[in-house]
Amino acid sequence: MFNKFKISEDNKKLFTAVSIITGTCIGAGFLGIPYVTAKAGFPITVGYIILFSIILLLVNLYLGEIILRTKKNHQLTGYAEKYLGKKGKRVMVSATKFVIFSAIVAYTIGVGESLSLLIFGHTQYFILIGLFFGLFMSFLIWKGMSLLKLFEKSGVIISLILLFSICFSFLNKINLSNLSYIHINHIFLPFGIILFSMMSFFSIPAAKLVLDGKKKLMKKAIILGTLIPAFFYLIFTFIVVGFMGDQTPEIATFALGGIFIFMGITAMFTSYLSLGNALQQNYIFDFKNSKKKAWFKASIIPIIIFLLTQIFKDFFSFIRVLSLGGVVSGGLIAILILIIHKRAVKLGDRKPEFLLPVNRVIIAVLTLIFASGIFLELFKIY
C-alpha cells in the first residue's frame, strides 16, 4: 500500500536540484523588492518580474546547456576559462567574486538586523550578531554539499509555508489603492533589486552535481527553479505593499511581525549557504586550492568585508549592496554566459541533453538590456 506513495529516485533528485536553484534565488533580494515597489509602483514591479523571468530563464538554460556540453565539473570561472581563455576567466573571476561577496554581505546585514530586532526590539546590535552569524555559516560551509542539500530543501519548504501564512494573515488587510499607482520618476529603481533577486547562475553547476546520472532532468530543474521564485516574489510583494503602502520598510518582513522576520532569516540563511558553498567549490575545482584555503577565502574573507563596509554603513545600505551586486556583476556575468554559449556550441566535448537555438538577435537584445542596467546603476540615472 505505501509503495504507491514512494517517491521515485528521479523525483528526489529533481526536487533537490530545484530546491538548490530556488533557494539560491530566494535570499536577501526578495526582502528589498517591496521597498522599491512602494517607491515605483506595483505595476512597474510586475513588469520587471515578468521581463526578468523570461530573460533569466533563457540565460539559465544557456548556462545549463554549456554545463551539459562539458565533461568536467566546473564553476562559472572554469567554464569561462575553457571557452574564453585566461582573459575571459579573469573577467568572470572579478564579476563572480563581487556579486557573491555583495550577496553574502547583504545577507549578513539582513540576518544581523533581523535577529537584533527579534531579540532586542531594535537593530543596534546587528554588526555583532552579523559577525557571529558569519562565523556560524563558515562552519556549515566547511561541511560542504551534504549540509547544502539538507538545508536548501528545508529552507525552501519553510519559506513556501510561511508565504501561505502571510497570505492567510494579511490578505484581508490589503488596500488596493497601494497597488494601483505608478511613479514614473522611479521607474528604473526596481531594476537592480529584481535582477539580483532573480539570479541563480551559481546554483546551476551545483544542480548538475546532484543530478548526476539524471542529467535529462536538468532542463526541467532550471525551468522550475527559475519560475518558482518569480511566483513567490509577486505574491510576497502584492501582500506587503498592499498592506503597508509607502510605509514599507527597507527589509520588508520587519513590517509583518516576528514569524515573518524568521521567514526572511531562513531564506537568507539558505541562500548564504548555497553561495558560500559555490564559492568554495569554485576555488577547489577551478583554482586547485586545498579545501582549507578555499574555505578561508569563501567563509572568512566575506566576514572581513562585512566588517569593513560597516565603517561606511550609510553608503553600504541593504538596498545599495543588493543593487550594486545585482546590476553590475550580475549583468556582466549574464553577458559572459551568452558569449560562452556561442563558443561552447563549437568547442563542447559532449552532446548535451537539451539544445537551444543560437539566435543572434535574442542574444544582442539580452546583452543590451544587461549593459543598460550596468550603465544606469553606475551613473545613478534613476
# chains A, B, ... in the order shown; residues from 1 in each chain; ligands from 1
call {"tool": "residues_around", "arguments": {"residues": "segment 17-25 of chain A", "least_positions_apart": "2", "cutoff": "9 Å", "atoms": "only C-alpha atoms", "output": "ChimeraX atom specification"}}
result
/A:12-15,27-30,148-149,152-157,196-204,206-211,218,220-229,267-268,270-275
call {"tool": "write_last_selection", "arguments": {"atoms": "N, CA and C atoms", "output": "short mmCIF file (atom, residue, chain, number, x, y, z; two decimals), in the first residue's frame"}}
result
data_model
loop_
_atom_site.label_atom_id
_atom_site.label_comp_id
_atom_site.auth_asym_id
_atom_site.auth_seq_id
_atom_site.Cartn_x
_atom_site.Cartn_y
_atom_site.Cartn_z
N LYS A 12 13.19 12.61 -6.53
CA LYS A 12 14.01 13.06 -5.39
C LYS A 12 15.14 13.97 -5.86
N LYS A 13 15.81 13.53 -6.91
CA LYS A 13 16.93 14.33 -7.43
C LYS A 13 16.43 15.64 -8.04
N LEU A 14 15.29 15.56 -8.74
CA LEU A 14 14.72 16.77 -9.32
C LEU A 14 14.34 17.77 -8.23
N PHE A 15 13.72 17.29 -7.17
CA PHE A 15 13.31 18.17 -6.08
C PHE A 15 14.53 18.82 -5.42
N GLY A 27 16.73 34.70 -1.50
CA GLY A 27 17.64 35.09 -0.43
C GLY A 27 17.28 36.48 0.05
N ALA A 28 18.28 37.31 0.24
CA ALA A 28 18.03 38.65 0.77
C ALA A 28 17.30 39.53 -0.22
N GLY A 29 17.43 39.24 -1.51
CA GLY A 29 16.87 40.13 -2.52
C GLY A 29 15.39 40.38 -2.42
N PHE A 30 14.62 39.32 -2.17
CA PHE A 30 13.17 39.48 -2.16
C PHE A 30 12.70 40.39 -1.03
N LEU A 148 24.34 21.38 2.44
CA LEU A 148 23.65 22.23 1.47
C LEU A 148 22.37 21.56 1.02
N LYS A 149 22.44 20.27 0.67
CA LYS A 149 21.25 19.55 0.20
C LYS A 149 20.17 19.55 1.27
N GLU A 152 18.87 23.40 1.91
CA GLU A 152 18.16 24.01 0.79
C GLU A 152 16.72 23.50 0.75
N LYS A 153 16.55 22.17 0.91
CA LYS A 153 15.20 21.61 0.84
C LYS A 153 14.33 22.12 1.99
N SER A 154 14.86 22.07 3.21
CA SER A 154 14.07 22.52 4.35
C SER A 154 13.81 24.01 4.29
N GLY A 155 14.80 24.78 3.83
CA GLY A 155 14.63 26.23 3.75
C GLY A 155 13.56 26.64 2.77
N VAL A 156 13.54 25.99 1.60
CA VAL A 156 12.52 26.31 0.60
C VAL A 156 11.13 25.94 1.11
N ILE A 157 11.01 24.79 1.75
CA ILE A 157 9.71 24.35 2.28
C ILE A 157 9.21 25.34 3.32
N PHE A 196 18.94 41.18 -9.08
CA PHE A 196 19.66 40.47 -8.03
C PHE A 196 18.82 39.29 -7.50
N SER A 197 17.56 39.55 -7.27
CA SER A 197 16.67 38.55 -6.66
C SER A 197 16.41 37.36 -7.57
N MET A 198 16.47 37.59 -8.88
CA MET A 198 16.16 36.53 -9.83
C MET A 198 17.38 35.72 -10.24
N MET A 199 18.57 36.18 -9.88
CA MET A 199 19.78 35.48 -10.31
C MET A 199 19.96 34.15 -9.58
N SER A 200 20.29 33.11 -10.35
CA SER A 200 20.61 31.82 -9.74
C SER A 200 21.74 31.13 -10.51
N PHE A 201 22.58 31.92 -11.19
CA PHE A 201 23.64 31.36 -12.02
C PHE A 201 24.52 30.38 -11.26
N PHE A 202 24.87 30.75 -10.02
CA PHE A 202 25.86 29.98 -9.28
C PHE A 202 25.33 28.63 -8.80
N SER A 203 24.02 28.46 -8.81
CA SER A 203 23.43 27.21 -8.35
C SER A 203 23.31 26.17 -9.46
N ILE A 204 23.42 26.58 -10.73
CA ILE A 204 23.22 25.65 -11.84
C ILE A 204 24.30 24.56 -11.85
N ALA A 206 25.86 23.40 -9.28
CA ALA A 206 25.54 22.53 -8.14
C ALA A 206 24.37 21.62 -8.47
N ALA A 207 23.40 22.13 -9.25
CA ALA A 207 22.27 21.30 -9.67
C ALA A 207 22.74 20.13 -10.51
N LYS A 208 23.74 20.37 -11.37
CA LYS A 208 24.29 19.28 -12.19
C LYS A 208 24.87 18.18 -11.31
N LEU A 209 25.55 18.58 -10.22
CA LEU A 209 26.17 17.59 -9.34
C LEU A 209 25.13 16.69 -8.68
N VAL A 210 24.02 17.26 -8.24
CA VAL A 210 23.00 16.43 -7.57
C VAL A 210 22.19 15.63 -8.57
N LEU A 211 22.20 16.03 -9.84
CA LEU A 211 21.50 15.29 -10.89
C LEU A 211 22.41 14.27 -11.58
N MET A 218 17.83 18.13 -16.15
CA MET A 218 18.44 19.45 -15.96
C MET A 218 17.52 20.56 -16.47
N LYS A 220 14.26 20.66 -16.90
CA LYS A 220 13.08 20.82 -16.06
C LYS A 220 13.45 21.48 -14.73
N ALA A 221 14.58 21.10 -14.16
CA ALA A 221 15.02 21.69 -12.89
C ALA A 221 15.28 23.19 -13.05
N ILE A 222 15.89 23.59 -14.17
CA ILE A 222 16.19 25.00 -14.40
C ILE A 222 14.89 25.80 -14.59
N ILE A 223 13.95 25.25 -15.35
CA ILE A 223 12.68 25.96 -15.58
C ILE A 223 11.92 26.16 -14.28
N LEU A 224 11.77 25.09 -13.51
CA LEU A 224 11.04 25.18 -12.24
C LEU A 224 11.78 26.06 -11.25
N GLY A 225 13.10 25.88 -11.17
CA GLY A 225 13.90 26.65 -10.22
C GLY A 225 13.93 28.14 -10.51
N THR A 226 13.73 28.51 -11.78
CA THR A 226 13.72 29.92 -12.16
C THR A 226 12.34 30.56 -11.97
N LEU A 227 11.28 29.82 -12.26
CA LEU A 227 9.93 30.39 -12.24
C LEU A 227 9.29 30.39 -10.86
N ILE A 228 9.61 29.43 -10.02
CA ILE A 228 9.03 29.39 -8.67
C ILE A 228 9.35 30.66 -7.88
N PRO A 229 10.61 31.14 -7.87
CA PRO A 229 10.89 32.39 -7.15
C PRO A 229 10.09 33.58 -7.69
N ALA A 267 15.31 32.31 4.61
CA ALA A 267 15.63 32.47 3.19
C ALA A 267 17.07 32.94 3.00
N MET A 268 17.49 33.92 3.82
CA MET A 268 18.86 34.42 3.69
C MET A 268 19.89 33.38 4.11
N THR A 270 19.64 30.02 3.81
CA THR A 270 19.83 29.00 2.76
C THR A 270 20.59 29.57 1.57
N SER A 271 20.30 30.81 1.21
CA SER A 271 20.98 31.40 0.07
C SER A 271 22.46 31.66 0.37
N TYR A 272 22.76 32.12 1.56
CA TYR A 272 24.14 32.31 2.01
C TYR A 272 24.90 30.99 1.90
N LEU A 273 24.29 29.92 2.40
CA LEU A 273 24.94 28.62 2.39
C LEU A 273 25.21 28.15 0.96
N SER A 274 24.25 28.35 0.07
CA SER A 274 24.40 27.94 -1.32
C SER A 274 25.53 28.71 -2.01
N LEU A 275 25.55 30.03 -1.85
CA LEU A 275 26.57 30.84 -2.49
C LEU A 275 27.95 30.62 -1.87
#
call {"tool": "atom_distance", "arguments": {"atom1": "atom CA of Val46 of chain A", "atom2": "atom CA of Val105 of chain A"}}
result
26.9 Å
call {"tool": "residues_around", "arguments": {"residues": "segment 184-190 of chain A", "least_positions_apart": "4", "cutoff": "9 Å", "atoms": "only C-alpha atoms", "output": "list in words"}}
result
Ile33, Tyr35, Val36, Thr37, Lys39, Ala40, Gly41, Ile44, Thr45, Tyr48, Ile194, Leu195, Ser323, Gly373, Leu376, Ile381 and Tyr382 of chain A
call {"tool": "residues_around", "arguments": {"residues": "Lys71 of chain A", "least_positions_apart": "5", "cutoff": "10 Å", "atoms": "only C-alpha atoms", "output": "PDB file with C-alpha atoms, in the first residue's frame"}}
result
ATOM      1  CA  GLY A 348      31.983  21.462 -26.257  1.00  0.00           C
ATOM      2  CA  ASP A 349      33.258  17.916 -25.586  1.00  0.00           C
ATOM      3  CA  ARG A 350      29.953  16.047 -25.118  1.00  0.00           C
ATOM      4  CA  LYS A 351      26.436  16.027 -26.546  1.00  0.00           C
ATOM      5  CA  PRO A 352      24.055  17.912 -24.219  1.00  0.00           C
TER       6      PRO A 352
END
call {"tool": "residues_around", "arguments": {"residues": "Trp295 of chain A", "least_positions_apart": "4", "cutoff": "9 Å", "atoms": "only C-alpha atoms", "output": "ChimeraX atom specification"}}
result
/A:138,141-142,276-277,279-281,283,290-291,299-300
call {"tool": "write_last_selection", "arguments": {"atoms": "C-alpha atoms", "output": "mmCIF file, in the first residue's frame"}}
result
data_model
loop_
_atom_site.group_PDB
_atom_site.id
_atom_site.type_symbol
_atom_site.label_atom_id
_atom_site.label_comp_id
_atom_site.auth_asym_id
_atom_site.auth_seq_id
_atom_site.Cartn_x
_atom_site.Cartn_y
_atom_site.Cartn_z
ATOM 1 C CA SER A 138 31.675 29.376 7.946
ATOM 2 C CA ILE A 141 30.281 25.807 4.572
ATOM 3 C CA TRP A 142 33.192 23.687 5.788
ATOM 4 C CA GLY A 276 29.268 30.200 0.086
ATOM 5 C CA ASN A 277 29.441 26.575 -0.984
ATOM 6 C CA LEU A 279 32.443 29.965 -3.950
ATOM 7 C CA GLN A 280 34.331 27.272 -2.032
ATOM 8 C CA GLN A 281 33.792 24.777 -4.875
ATOM 9 C CA TYR A 283 38.308 27.736 -5.508
ATOM 10 C CA SER A 290 43.114 22.959 -0.886
ATOM 11 C CA LYS A 291 39.843 22.636 0.991
ATOM 12 C CA SER A 299 33.994 31.976 4.524
ATOM 13 C CA ILE A 300 36.342 34.293 6.414
#
